[in-house]
Every structure is written in structure tokens, then in C-alpha cells.
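As provided, my_file_26.pdb (PDB, C-alpha atoms and all ligand atoms) reads as follows.
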MODEL        1
ATOM      1  CA  MET A   1     -56.270  36.993   3.754
ATOM      2  CA  THR A   2     -53.468  35.486   5.840
ATOM      3  CA  ARG A   3     -54.185  32.103   4.258
ATOM      4  CA  ASP A   4     -53.237  33.458   0.824
ATOM      5  CA  GLY A   5     -50.206  35.350   2.128
ATOM      6  CA  LEU A   6     -46.561  34.408   1.767
ATOM      7  CA  LEU A   7     -43.871  34.293   4.451
ATOM      8  CA  ILE A   8     -40.322  34.869   3.205
ATOM      9  CA  ASP A   9     -37.709  33.144   5.386
ATOM     10  CA  CYS A  10     -38.363  32.249   9.003
ATOM     11  CA  ASN A  11     -36.079  33.110  11.907
ATOM     12  CA  GLY A  12     -36.162  34.790  15.309
ATOM     13  CA  VAL A  13     -39.507  35.243  17.010
ATOM     14  CA  CYS A  14     -41.496  34.734  13.823
ATOM     15  CA  VAL A  15     -44.761  33.655  15.491
ATOM     16  CA  GLN A  16     -44.718  36.613  17.880
ATOM     17  CA  ARG A  17     -44.037  39.070  15.041
ATOM     18  CA  LEU A  18     -46.872  37.710  12.890
ATOM     19  CA  THR A  19     -49.228  37.785  15.890
ATOM     20  CA  ALA A  20     -48.251  41.376  16.702
ATOM     21  CA  ALA A  21     -49.011  42.247  13.066
ATOM     22  CA  GLY A  22     -52.541  40.898  13.587
ATOM     23  CA  LEU A  23     -52.089  37.924  11.238
ATOM     24  CA  ALA A  24     -53.705  34.522  11.796
ATOM     25  CA  PHE A  25     -50.368  32.786  11.199
ATOM     26  CA  GLU A  26     -51.859  29.319  11.781
ATOM     27  CA  ASP A  27     -53.705  29.540   8.439
ATOM     28  CA  LEU A  28     -50.780  30.758   6.334
ATOM     29  CA  SER A  29     -50.245  28.506   3.308
ATOM     30  CA  HIS A  30     -46.975  29.584   1.667
ATOM     31  CA  VAL A  31     -43.358  29.923   2.812
ATOM     32  CA  PHE A  32     -40.552  30.952   0.450
ATOM     33  CA  LEU A  33     -37.021  30.251   1.687
ATOM     34  CA  THR A  34     -34.252  32.200  -0.027
ATOM     35  CA  HIS A  35     -31.498  29.782   1.045
ATOM     36  CA  GLU A  36     -30.562  27.092   3.515
ATOM     37  CA  HIS A  37     -28.676  29.101   6.166
ATOM     38  CA  ILE A  38     -29.785  28.631   9.758
ATOM     39  CA  ASP A  39     -30.729  32.300  10.220
ATOM     40  CA  HIS A  40     -33.307  31.942   7.420
ATOM     41  CA  ILE A  41     -34.968  28.636   8.365
ATOM     42  CA  ALA A  42     -34.364  28.010  12.082
ATOM     43  CA  ALA A  43     -37.760  29.241  13.341
ATOM     44  CA  LEU A  44     -39.734  26.961  10.990
ATOM     45  CA  PRO A  45     -40.223  24.169  13.569
ATOM     46  CA  ASN A  46     -41.689  26.609  16.090
ATOM     47  CA  PHE A  47     -43.811  28.355  13.448
ATOM     48  CA  ILE A  48     -45.259  25.010  12.300
ATOM     49  CA  HIS A  49     -45.710  23.672  15.815
ATOM     50  CA  GLN A  50     -47.596  26.791  16.922
ATOM     51  CA  SER A  51     -49.685  26.686  13.725
ATOM     52  CA  TRP A  52     -50.581  23.083  14.588
ATOM     53  CA  VAL A  53     -51.433  23.966  18.223
ATOM     54  CA  LYS A  54     -53.672  26.867  17.182
ATOM     55  CA  GLY A  55     -55.034  25.518  13.911
ATOM     56  CA  CYS A  56     -55.394  21.793  14.693
ATOM     57  CA  LEU A  57     -55.125  20.974  18.401
ATOM     58  CA  TYR A  58     -57.278  23.863  19.706
ATOM     59  CA  ARG A  59     -59.658  23.822  16.758
ATOM     60  CA  ALA A  60     -60.880  20.229  16.846
ATOM     61  CA  ASP A  61     -64.240  21.146  15.289
ATOM     62  CA  ASN A  62     -62.684  23.146  12.453
ATOM     63  CA  ARG A  63     -59.175  21.790  11.958
ATOM     64  CA  ARG A  64     -56.807  23.226   9.426
ATOM     65  CA  THR A  65     -56.532  20.756   6.563
ATOM     66  CA  HIS A  66     -55.062  22.926   3.799
ATOM     67  CA  PRO A  67     -51.360  22.313   3.070
ATOM     68  CA  LEU A  68     -48.350  24.417   3.927
ATOM     69  CA  HIS A  69     -46.291  24.924   0.760
ATOM     70  CA  PHE A  70     -42.517  25.364   0.935
ATOM     71  CA  TYR A  71     -40.590  26.906  -1.969
ATOM     72  CA  GLY A  72     -36.795  26.847  -2.188
ATOM     73  CA  ASN A  73     -33.771  25.498  -4.027
ATOM     74  CA  ALA A  74     -32.801  21.815  -3.658
ATOM     75  CA  PRO A  75     -30.400  22.138  -0.683
ATOM     76  CA  THR A  76     -32.867  24.353   1.172
ATOM     77  CA  ILE A  77     -35.763  21.950   0.680
ATOM     78  CA  ARG A  78     -33.484  19.107   1.845
ATOM     79  CA  ALA A  79     -32.514  21.062   4.974
ATOM     80  CA  VAL A  80     -36.141  21.944   5.766
ATOM     81  CA  ARG A  81     -37.299  18.340   5.381
ATOM     82  CA  ALA A  82     -34.488  17.161   7.707
ATOM     83  CA  LEU A  83     -35.275  19.898  10.242
ATOM     84  CA  LEU A  84     -38.985  19.051  10.393
ATOM     85  CA  ASP A  85     -38.275  15.306  10.524
ATOM     86  CA  ALA A  86     -35.740  15.797  13.339
ATOM     87  CA  VAL A  87     -38.418  17.249  15.606
ATOM     88  CA  LYS A  88     -41.067  14.782  14.331
ATOM     89  CA  LEU A  89     -43.486  17.451  13.119
ATOM     90  CA  PRO A  90     -44.923  15.325  10.275
ATOM     91  CA  GLN A  91     -45.994  12.694  12.843
ATOM     92  CA  HIS A  92     -48.109  15.086  14.931
ATOM     93  CA  PRO A  93     -51.727  13.856  14.984
ATOM     94  CA  HIS A  94     -53.960  15.760  12.554
ATOM     95  CA  MET A  95     -50.971  17.749  11.220
ATOM     96  CA  PHE A  96     -51.840  19.603   8.017
ATOM     97  CA  PRO A  97     -49.977  18.374   4.895
ATOM     98  CA  PHE A  98     -46.596  19.763   3.819
ATOM     99  CA  GLU A  99     -45.894  20.284   0.121
ATOM    100  CA  PHE A 100     -42.328  20.914  -1.018
ATOM    101  CA  HIS A 101     -41.578  22.774  -4.254
ATOM    102  CA  GLU A 102     -37.975  22.528  -5.437
ATOM    103  CA  LEU A 103     -37.027  25.546  -7.550
ATOM    104  CA  ASN A 104     -34.531  25.724 -10.395
ATOM    105  CA  ASP A 105     -31.331  27.592  -9.461
ATOM    106  CA  ALA A 106     -31.565  29.567 -12.711
ATOM    107  CA  GLY A 107     -34.660  31.386 -11.398
ATOM    108  CA  GLY A 108     -38.262  31.666 -12.543
ATOM    109  CA  THR A 109     -41.733  32.851 -11.595
ATOM    110  CA  LEU A 110     -44.266  31.326  -9.244
ATOM    111  CA  THR A 111     -47.701  32.183  -7.914
ATOM    112  CA  ALA A 112     -48.203  31.447  -4.219
ATOM    113  CA  GLY A 113     -51.673  32.307  -2.950
ATOM    114  CA  SER A 114     -52.360  35.924  -3.825
ATOM    115  CA  ILE A 115     -48.742  36.743  -4.663
ATOM    116  CA  THR A 116     -46.766  36.280  -7.875
ATOM    117  CA  LEU A 117     -43.004  36.279  -7.383
ATOM    118  CA  THR A 118     -40.040  36.368  -9.693
ATOM    119  CA  TYR A 119     -36.968  34.751  -8.125
ATOM    120  CA  PHE A 120     -33.436  34.971  -9.469
ATOM    121  CA  PRO A 121     -29.969  33.782  -8.398
ATOM    122  CA  VAL A 122     -27.809  36.187  -6.389
ATOM    123  CA  ASN A 123     -24.221  35.734  -5.145
ATOM    124  CA  HIS A 124     -24.040  34.452  -1.562
ATOM    125  CA  GLY A 125     -20.660  32.742  -1.991
ATOM    126  CA  PRO A 126     -20.928  28.955  -2.279
ATOM    127  CA  THR A 127     -24.534  28.909  -1.006
ATOM    128  CA  PRO A 128     -27.189  29.118  -3.736
ATOM    129  CA  CYS A 129     -29.601  31.899  -2.840
ATOM    130  CA  PHE A 130     -32.552  33.637  -4.524
ATOM    131  CA  GLY A 131     -33.382  37.334  -4.682
ATOM    132  CA  LEU A 132     -37.050  38.163  -5.254
ATOM    133  CA  THR A 133     -39.371  40.696  -6.798
ATOM    134  CA  THR A 134     -43.124  41.120  -6.662
ATOM    135  CA  ASP A 135     -45.342  43.811  -8.158
ATOM    136  CA  GLY A 136     -48.024  45.662  -6.182
ATOM    137  CA  PRO A 137     -50.687  47.886  -7.751
ATOM    138  CA  ASN A 138     -48.435  50.943  -7.550
ATOM    139  CA  ARG A 139     -44.859  49.778  -7.221
ATOM    140  CA  ARG A 140     -42.503  46.857  -7.184
ATOM    141  CA  LEU A 141     -40.736  45.297  -4.209
ATOM    142  CA  VAL A 142     -37.245  43.925  -4.809
ATOM    143  CA  TYR A 143     -35.499  41.896  -2.088
ATOM    144  CA  SER A 144     -31.795  41.138  -2.490
ATOM    145  CA  ALA A 145     -31.705  38.329   0.121
ATOM    146  CA  ASP A 146     -28.143  37.515   1.300
ATOM    147  CA  THR A 147     -25.704  38.513  -1.413
ATOM    148  CA  GLU A 148     -22.823  40.540  -2.698
ATOM    149  CA  PRO A 149     -24.063  43.311  -5.008
ATOM    150  CA  VAL A 150     -25.204  41.763  -8.316
ATOM    151  CA  GLN A 151     -26.637  43.664 -11.269
ATOM    152  CA  ALA A 152     -29.656  41.321 -11.528
ATOM    153  CA  ILE A 153     -31.073  42.967  -8.389
ATOM    154  CA  TYR A 154     -30.852  46.516  -9.727
ATOM    155  CA  ASP A 155     -32.113  45.637 -13.219
ATOM    156  CA  HIS A 156     -35.573  45.057 -11.700
ATOM    157  CA  LEU A 157     -35.853  48.590 -10.262
ATOM    158  CA  ARG A 158     -37.820  51.542 -11.604
ATOM    159  CA  ASP A 159     -38.517  54.963 -10.076
ATOM    160  CA  GLY A 160     -40.718  54.713  -6.981
ATOM    161  CA  ASP A 161     -39.941  51.060  -6.188
ATOM    162  CA  ILE A 162     -38.887  49.568  -2.861
ATOM    163  CA  LEU A 163     -35.531  47.808  -2.481
ATOM    164  CA  ILE A 164     -34.855  45.692   0.608
ATOM    165  CA  HIS A 165     -31.100  45.090   0.641
ATOM    166  CA  ASP A 166     -28.590  43.025   2.600
ATOM    167  CA  CYS A 167     -26.274  45.360   4.554
ATOM    168  CA  ASN A 168     -24.162  43.071   6.677
ATOM    169  CA  LYS A 169     -21.272  45.394   7.569
ATOM    170  CA  ILE A 170     -20.986  49.144   8.069
ATOM    171  CA  ASP A 171     -17.314  49.442   9.018
ATOM    172  CA  VAL A 172     -15.492  47.730   6.124
ATOM    173  CA  GLU A 173     -15.462  48.281   2.358
ATOM    174  CA  ILE A 174     -16.119  44.691   1.311
ATOM    175  CA  ASN A 175     -17.566  41.678   3.090
ATOM    176  CA  ARG A 176     -17.457  38.538   0.989
ATOM    177  CA  GLU A 177     -20.861  36.875   0.371
ATOM    178  CA  HIS A 178     -22.779  39.902   1.724
ATOM    179  CA  THR A 179     -23.065  43.624   0.968
ATOM    180  CA  THR A 180     -21.550  46.478   2.969
ATOM    181  CA  TRP A 181     -22.957  49.950   3.478
ATOM    182  CA  ALA A 182     -19.962  51.333   1.541
ATOM    183  CA  GLN A 183     -20.989  49.249  -1.487
ATOM    184  CA  ILE A 184     -24.626  50.373  -1.286
ATOM    185  CA  GLU A 185     -23.606  54.006  -0.908
ATOM    186  CA  ALA A 186     -21.388  53.703  -3.993
ATOM    187  CA  LEU A 187     -24.311  52.220  -5.964
ATOM    188  CA  LEU A 188     -26.838  54.922  -5.081
ATOM    189  CA  PRO A 189     -26.072  57.376  -7.917
ATOM    190  CA  SER A 190     -26.680  54.656 -10.517
ATOM    191  CA  LEU A 191     -30.014  53.455  -9.089
ATOM    192  CA  PRO A 192     -33.458  54.793 -10.024
ATOM    193  CA  ASP A 193     -35.304  56.921  -7.448
ATOM    194  CA  VAL A 194     -36.166  54.091  -5.030
ATOM    195  CA  THR A 195     -36.636  53.744  -1.275
ATOM    196  CA  ILE A 196     -34.081  51.375   0.235
ATOM    197  CA  TYR A 197     -34.537  49.411   3.445
ATOM    198  CA  LEU A 198     -31.326  48.008   4.930
ATOM    199  CA  VAL A 199     -31.671  44.578   6.535
ATOM    200  CA  HIS A 200     -29.393  41.829   7.878
ATOM    201  CA  LEU A 201     -27.519  44.594   9.701
ATOM    202  CA  PRO A 202     -24.625  43.732  12.011
ATOM    203  CA  MET A 203     -25.062  43.817  15.772
ATOM    204  CA  LEU A 204     -23.842  47.265  16.795
ATOM    205  CA  ASP A 205     -23.135  48.572  20.258
ATOM    206  CA  ALA A 206     -25.170  51.599  21.369
ATOM    207  CA  GLU A 207     -22.490  54.097  20.356
ATOM    208  CA  GLN A 208     -21.939  52.624  16.856
ATOM    209  CA  ASP A 209     -25.696  52.388  16.326
ATOM    210  CA  ALA A 210     -26.307  56.028  17.319
ATOM    211  CA  LYS A 211     -23.471  57.158  15.033
ATOM    212  CA  PHE A 212     -24.805  55.185  12.031
ATOM    213  CA  GLN A 213     -28.414  56.307  12.596
ATOM    214  CA  LYS A 214     -27.288  59.941  12.811
ATOM    215  CA  TYR A 215     -25.234  59.661   9.614
ATOM    216  CA  MET A 216     -28.161  58.088   7.757
ATOM    217  CA  LYS A 217     -30.618  60.697   8.997
ATOM    218  CA  ILE A 218     -28.402  63.611   7.972
ATOM    219  CA  ASN A 219     -27.398  62.217   4.582
ATOM    220  CA  TYR A 220     -30.277  60.053   3.399
ATOM    221  CA  ALA A 221     -33.370  61.128   5.389
ATOM    222  CA  GLU A 222     -36.153  58.963   3.959
ATOM    223  CA  SER A 223     -34.440  57.528   0.877
ATOM    224  CA  VAL A 224     -32.443  54.908   2.808
ATOM    225  CA  ILE A 225     -34.053  53.451   5.908
ATOM    226  CA  VAL A 226     -32.408  51.314   8.560
ATOM    227  CA  GLY A 227     -34.913  48.463   8.758
ATOM    228  CA  ILE A 228     -36.722  47.811  12.021
ATOM    229  CA  ASP A 229     -39.031  45.012  13.165
ATOM    230  CA  GLN A 230     -42.734  45.289  12.258
ATOM    231  CA  GLU A 231     -42.104  47.837   9.522
ATOM    232  CA  ALA A 232     -45.072  47.940   7.097
ATOM    233  CA  VAL A 233     -44.757  48.916   3.433
ATOM    234  CA  THR A 234     -47.651  49.372   0.993
ATOM    235  CA  LEU A 235     -47.014  48.474  -2.629
TER     236      LEU A 235
HETATM  237 ZN    ZN B 301     -27.016  33.486   4.445
ENDMDL
END

Can you give me the file's structure in the form of C-alpha cells?
Ligand SMILES: [Zn+2]
Amino acid sequence: MTRDGLLIDCNGVCVQRLTAAGLAFEDLSHVFLTHEHIDHIAALPNFIHQSWVKGCLYRADNRRTHPLHFYGNAPTIRAVRALLDAVKLPQHPHMFPFEFHELNDAGGTLTAGSITLTYFPVNHGPTPCFGLTTDGPNRRLVYSADTEPVQAIYDHLRDGDILIHDCNKIDVEINREHTTWAQIEALLPSLPDVTIYLVHLPMLDAEQDAKFQKYMKINYAESVIVGIDQEAVTL
């Protein structure tokens, strides 16, 4: 099952999170990268190295040989290639193959393992970036990635869907290249009846965090959720 899964962006303690979720990360075959920024690709070397240790080095009698596919726009694929070359991952003995898929900035559809995705351009300032949608049996997941609010995101939504949205500031009205909570709150009346998960949140001190959590709980209960690590959603 993990082999056919898809990882979207790769930062922080990616390997530890996938392990805690009970996933055999070393067999995963597909990684979609929304854009080239460091906080979306920086953990790739560690993810690949640990996949090699577990899937190749420690499994000499049953080595992983299936490729790891990377999907992204041209600058992202360039950055990933340079990153992996810089730490000499392709030269590791018995490393599984890497396959790079450069996507058209205008958007499109792709099938990666068990998942079919539609990707579309959003507005992350000068950095080309893709938002995504995928359909489950019961509802659709829409992910804004890093962006200012753009109508293309909301056009994909229907009642009951899940929207994962950039929310990079909570204390200003507008934050160029990202979305603020004020902008999301202003959008809510025009959106279908969806559940929204806020991600890419700013680092808040304990007092700010408690204040924001309290405000959200009182005003939005379960319709807008402040995203946390290891959150699971069924589509
Ligand atoms: Zn970014």
C-alpha cells in the first residue's frame, strides 16, 4: 500500500512522521513537489538516504529496485536534482533508480501509483507553484500549497470536501505570496460547506497560540481546523 502512495512535499522530520504513521516509507514510489522552496524539499536527502538504508543496505536479499518518481515544475526538478547530486545520493551502491517528471506550469492531471491528481498553478509570487486536488470515494481533497488566494482553488470545491489551505499570518490583513487568516475568514461565506485545515501557520508564542486556538474553537468549532502533525483524513 505504501509503495503505491504519494508523498506531497518533504520537509521537517518526514521519515519520523511516516514511521509514526505506520508506513513503510522505504518502499514509497512517488513524491510530488509543489514548488522549489527549501521548506518543501529540504528533507528529501534524508528521506532518500533512510529509504536506501532500510530498503537496500539492510535488505540485501530483497533489495528495493523499483524507482522513486519525482513530479514537479522545471525549477523544482532542477533544484531536487542538484540537491541529491550535492550529497552524492545517486552514487550510493545499489541505490534504487530516480525518475524525474517535469510538469507543465499550466497544470494537468497525472496518475501516481494509486492516486490521480489534478495540479494547477497558484500565485506564490515569482515562484511557480502548484495547488492540487484528488478525489476519494466520498469527497475531494483540495490543497492550496503556498499561495495568495486564487479562485482556481475554490472552483474545485463542492459541499463536503476537504480544503487544506496556506495560512501564513494571523495578525495582518495581507501577506504577499501567502494567505492570511483574515483573507480566509473573508472567503468563508462564499465557499461551499467544506472542512478547512489551516497549514503553513506562523510560529506563535504560547500566548498568541492560545488566543488563536480559543477564537477558532468559539467561532468555527469543527469547520476550520488548525492543522496539527499526524492528522488523518479519510476521503
Ligand atoms: Zn514557498

Which residues are close to Glu173 (chain A), i.e. within 12 Å by only C-alpha atoms, leaving aside same-chain residues fewer than 3 positions away? Reply as a ChimeraX atom specification. /A:148,167-170,176,178-186

Check which residues satisfy the PyMOL selection byres (((not hetatm)) within 9 of (chain B and resi 301)) in the file shown, then give them as an MDAnalysis selection string. chainID A and resid 34:40 124 127 129 145:147 177:178

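Using all atoms listed in the file for every distance, the candidate list A:Val226, A:Ala210, A:Leu204, A:Ala42 yields A:Ala42 as the residue closest to Cys14 (chain A).
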
Per residue of region 90-164 of chain A within 12 Å of region 217-223 of chain A, record the nearest atom pair and its distance in Å to one decimal, counting all atoms listed in the file, with rows in chain order and ascending residue number, as JSON lines.
{"residue": "A:Asp159", "atom": "CA", "partner": "A:Ser223", "partner_atom": "CA", "distance": 12.0}
{"residue": "A:Gly160", "atom": "CA", "partner": "A:Ser223", "partner_atom": "CA", "distance": 10.4}
{"residue": "A:Asp161", "atom": "CA", "partner": "A:Ser223", "partner_atom": "CA", "distance": 11.0}
{"residue": "A:Ile162", "atom": "CA", "partner": "A:Ser223", "partner_atom": "CA", "distance": 9.9}
{"residue": "A:Leu163", "atom": "CA", "partner": "A:Ser223", "partner_atom": "CA", "distance": 10.3}
{"residue": "A:Ile164", "atom": "CA", "partner": "A:Ser223", "partner_atom": "CA", "distance": 11.8}

One number please: CA of Ile41 (chain A) to CA of Ile115 (chain A), in Å, one decimal.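 Computing it gives 20.6 Å between the two atoms.
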
Ground truth for the PyMOL selection byres (((chain A and resi 228) around 12) and not hetatm), written as number ranges by chain: A: 17, 164, 197-201, 213, 225-227, 229-233

Select all residues near (-30.8, 42.1, -4.8) (cut-off 10 Å, inclusive, file coordinates), counting only C-alpha atoms, and output them as number ranges by chain. A: 120-123, 130-133, 142-157, 163-166, 179

Have a look at CA of Asp193 (chain A) and CA of Thr111 (chain A) and let me know their distance in Å, one decimal. 27.7 Å

Might you spell out which residues the PyMOL selection byres (((chain A and resi 95-105) around 9) and not hetatm) would select in the displayed file, as a PyMOL selection string? chain A and resi 52+55-57+63-77+81+89-94+106-108+120-121+128-130

Dump of C-alpha atoms for the selected residues, as a JSON list (two decimals), keeping the file's coordinate frame:
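This is the output file part-v2.json:
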[["chain", "number", "residue", "atom", "x", "y", "z"],
["A", 52, "TRP", "CA", -50.58, 23.08, 14.59],
["A", 55, "GLY", "CA", -55.03, 25.52, 13.91],
["A", 56, "CYS", "CA", -55.39, 21.79, 14.69],
["A", 57, "LEU", "CA", -55.12, 20.97, 18.40],
["A", 63, "ARG", "CA", -59.18, 21.79, 11.96],
["A", 64, "ARG", "CA", -56.81, 23.23, 9.43],
["A", 65, "THR", "CA", -56.53, 20.76, 6.56],
["A", 66, "HIS", "CA", -55.06, 22.93, 3.80],
["A", 67, "PRO", "CA", -51.36, 22.31, 3.07],
["A", 68, "LEU", "CA", -48.35, 24.42, 3.93],
["A", 69, "HIS", "CA", -46.29, 24.92, 0.76],
["A", 70, "PHE", "CA", -42.52, 25.36, 0.94],
["A", 71, "TYR", "CA", -40.59, 26.91, -1.97],
["A", 72, "GLY", "CA", -36.80, 26.85, -2.19],
["A", 73, "ASN", "CA", -33.77, 25.50, -4.03],
["A", 74, "ALA", "CA", -32.80, 21.82, -3.66],
["A", 75, "PRO", "CA", -30.40, 22.14, -0.68],
["A", 76, "THR", "CA", -32.87, 24.35, 1.17],
["A", 77, "ILE", "CA", -35.76, 21.95, 0.68],
["A", 81, "ARG", "CA", -37.30, 18.34, 5.38],
["A", 89, "LEU", "CA", -43.49, 17.45, 13.12],
["A", 90, "PRO", "CA", -44.92, 15.32, 10.28],
["A", 91, "GLN", "CA", -45.99, 12.69, 12.84],
["A", 92, "HIS", "CA", -48.11, 15.09, 14.93],
["A", 93, "PRO", "CA", -51.73, 13.86, 14.98],
["A", 94, "HIS", "CA", -53.96, 15.76, 12.55],
["A", 106, "ALA", "CA", -31.56, 29.57, -12.71],
["A", 107, "GLY", "CA", -34.66, 31.39, -11.40],
["A", 108, "GLY", "CA", -38.26, 31.67, -12.54],
["A", 120, "PHE", "CA", -33.44, 34.97, -9.47],
["A", 121, "PRO", "CA", -29.97, 33.78, -8.40],
["A", 128, "PRO", "CA", -27.19, 29.12, -3.74],
["A", 129, "CYS", "CA", -29.60, 31.90, -2.84],
["A", 130, "PHE", "CA", -32.55, 33.64, -4.52]]

Do you know which residues are at most 12 Å from Ala112 (chain A) counting only C-alpha atoms, after dropping those on the same chain fewer than 6 positions away, and could you put them as an NGL selection string? :A and (3-8 or 28-32 or 68-71 or 101 or 118 or 134)

Extract, using all atoms listed in the file, all DNA, RNA and protein residues at most 9 Å from Ile48 (chain A), discarding same-chain residues fewer than 3 positions from it, and format them as a list in words. Glu26, Ala43, Leu44, Pro45, Ser51, Trp52, Val53, Leu68, Leu84 and Leu89 of chain A

What gap, in Å, lies between CA of Phe25 (chain A) and CA of Asn46 (chain A)?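 Going from CA of Phe25 (chain A) over to CA of Asn46 (chain A) covers 11.7 Å.
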
Counting all atoms listed in the file, which of A:Val15, A:Ala21, A:Val172, A:Ala79 gets nearest to Lys54 (chain A)?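 The shortest atom-to-atom distance to Lys54 (chain A) comes from A:Val15.
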
Pick from A:Leu235, A:Pro189, A:Asp85, A:Ile174 nearest to Arg139 (chain A), counting all atoms listed in the file: A:Leu235

Name the closest residue to Gly12 (chain A) among the candidates A:Ala206, A:Val224, A:Asp27, A:Phe47; distances are taken between atoms, counting only C-alpha atoms. A:Phe47

Build an axis-aligned box that encloses every atom of region 129-146 of chain A listed in the file, pad it by 5 Å on each side, and report its centre and edge lengths in Å to one decimal, as AutoDock Vina command-line options.
--center_x -39.4 --center_y 41.4 --center_z -3.4 --size_x 32.5 --size_y 29.0 --size_z 19.5

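Distances here use all atoms listed in the file; by that measure, the residue among A:Leu141, A:Asn11, A:Thr109, A:Tyr215 closest to Val194 (chain A) is A:Leu141.
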
Mind rebuilding region 139-147 of chain A with all heavy atoms and writing that out as a compact mmCIF listing (two decimals), in the frame of the given file?
# COMPACT_ATOMS: atom_id res chain seq x y z
N ARG A 139 -46.31 49.86 -7.11
CA ARG A 139 -44.86 49.78 -7.22
C ARG A 139 -44.38 48.36 -6.99
O ARG A 139 -45.12 47.48 -6.56
CB ARG A 139 -44.17 50.75 -6.27
CG ARG A 139 -44.64 50.67 -4.84
CD ARG A 139 -44.02 51.81 -4.06
NE ARG A 139 -44.52 51.86 -2.70
CZ ARG A 139 -43.97 52.59 -1.75
NH1 ARG A 139 -42.93 53.34 -2.01
NH2 ARG A 139 -44.47 52.60 -0.54
N ARG A 140 -43.12 48.18 -7.26
CA ARG A 140 -42.50 46.86 -7.18
C ARG A 140 -41.64 46.77 -5.92
O ARG A 140 -41.01 47.75 -5.51
CB ARG A 140 -41.63 46.68 -8.42
CG ARG A 140 -40.82 45.40 -8.46
CD ARG A 140 -40.09 45.27 -9.78
NE ARG A 140 -41.03 45.03 -10.87
CZ ARG A 140 -40.69 45.05 -12.15
NH1 ARG A 140 -39.44 45.31 -12.51
NH2 ARG A 140 -41.59 44.82 -13.08
N LEU A 141 -41.63 45.58 -5.33
CA LEU A 141 -40.74 45.30 -4.21
C LEU A 141 -39.62 44.39 -4.72
O LEU A 141 -39.90 43.38 -5.38
CB LEU A 141 -41.52 44.57 -3.10
CG LEU A 141 -40.71 44.14 -1.89
CD1 LEU A 141 -40.49 45.31 -0.95
CD2 LEU A 141 -41.42 43.02 -1.15
N VAL A 142 -38.39 44.77 -4.44
CA VAL A 142 -37.24 43.92 -4.81
C VAL A 142 -36.49 43.61 -3.52
O VAL A 142 -36.18 44.51 -2.74
CB VAL A 142 -36.31 44.65 -5.81
CG1 VAL A 142 -35.11 43.77 -6.16
CG2 VAL A 142 -37.07 45.05 -7.07
N TYR A 143 -36.22 42.33 -3.29
CA TYR A 143 -35.50 41.90 -2.09
C TYR A 143 -34.22 41.19 -2.52
O TYR A 143 -34.27 40.21 -3.26
CB TYR A 143 -36.40 40.96 -1.27
CG TYR A 143 -35.71 40.28 -0.10
CD1 TYR A 143 -34.83 40.97 0.73
CD2 TYR A 143 -35.96 38.94 0.18
CE1 TYR A 143 -34.22 40.35 1.79
CE2 TYR A 143 -35.34 38.31 1.26
CZ TYR A 143 -34.47 39.02 2.06
OH TYR A 143 -33.85 38.39 3.11
N SER A 144 -33.09 41.70 -2.05
CA SER A 144 -31.80 41.14 -2.49
C SER A 144 -31.52 39.77 -1.89
O SER A 144 -30.75 38.99 -2.45
CB SER A 144 -30.66 42.08 -2.08
OG SER A 144 -30.46 42.04 -0.67
N ALA A 145 -32.12 39.47 -0.72
CA ALA A 145 -31.70 38.33 0.12
C ALA A 145 -30.23 38.49 0.47
O ALA A 145 -29.68 39.60 0.36
CB ALA A 145 -32.01 37.00 -0.55
N ASP A 146 -29.55 37.42 0.87
CA ASP A 146 -28.14 37.52 1.30
C ASP A 146 -27.26 37.45 0.07
O ASP A 146 -27.24 36.44 -0.64
CB ASP A 146 -27.78 36.34 2.22
CG ASP A 146 -28.41 36.45 3.59
OD1 ASP A 146 -29.31 37.30 3.76
OD2 ASP A 146 -28.01 35.68 4.48
N THR A 147 -26.48 38.49 -0.17
CA THR A 147 -25.70 38.51 -1.41
C THR A 147 -24.67 39.63 -1.44
O THR A 147 -24.81 40.63 -0.75
CB THR A 147 -26.66 38.72 -2.62
OG1 THR A 147 -25.92 38.67 -3.83
CG2 THR A 147 -27.40 40.05 -2.55
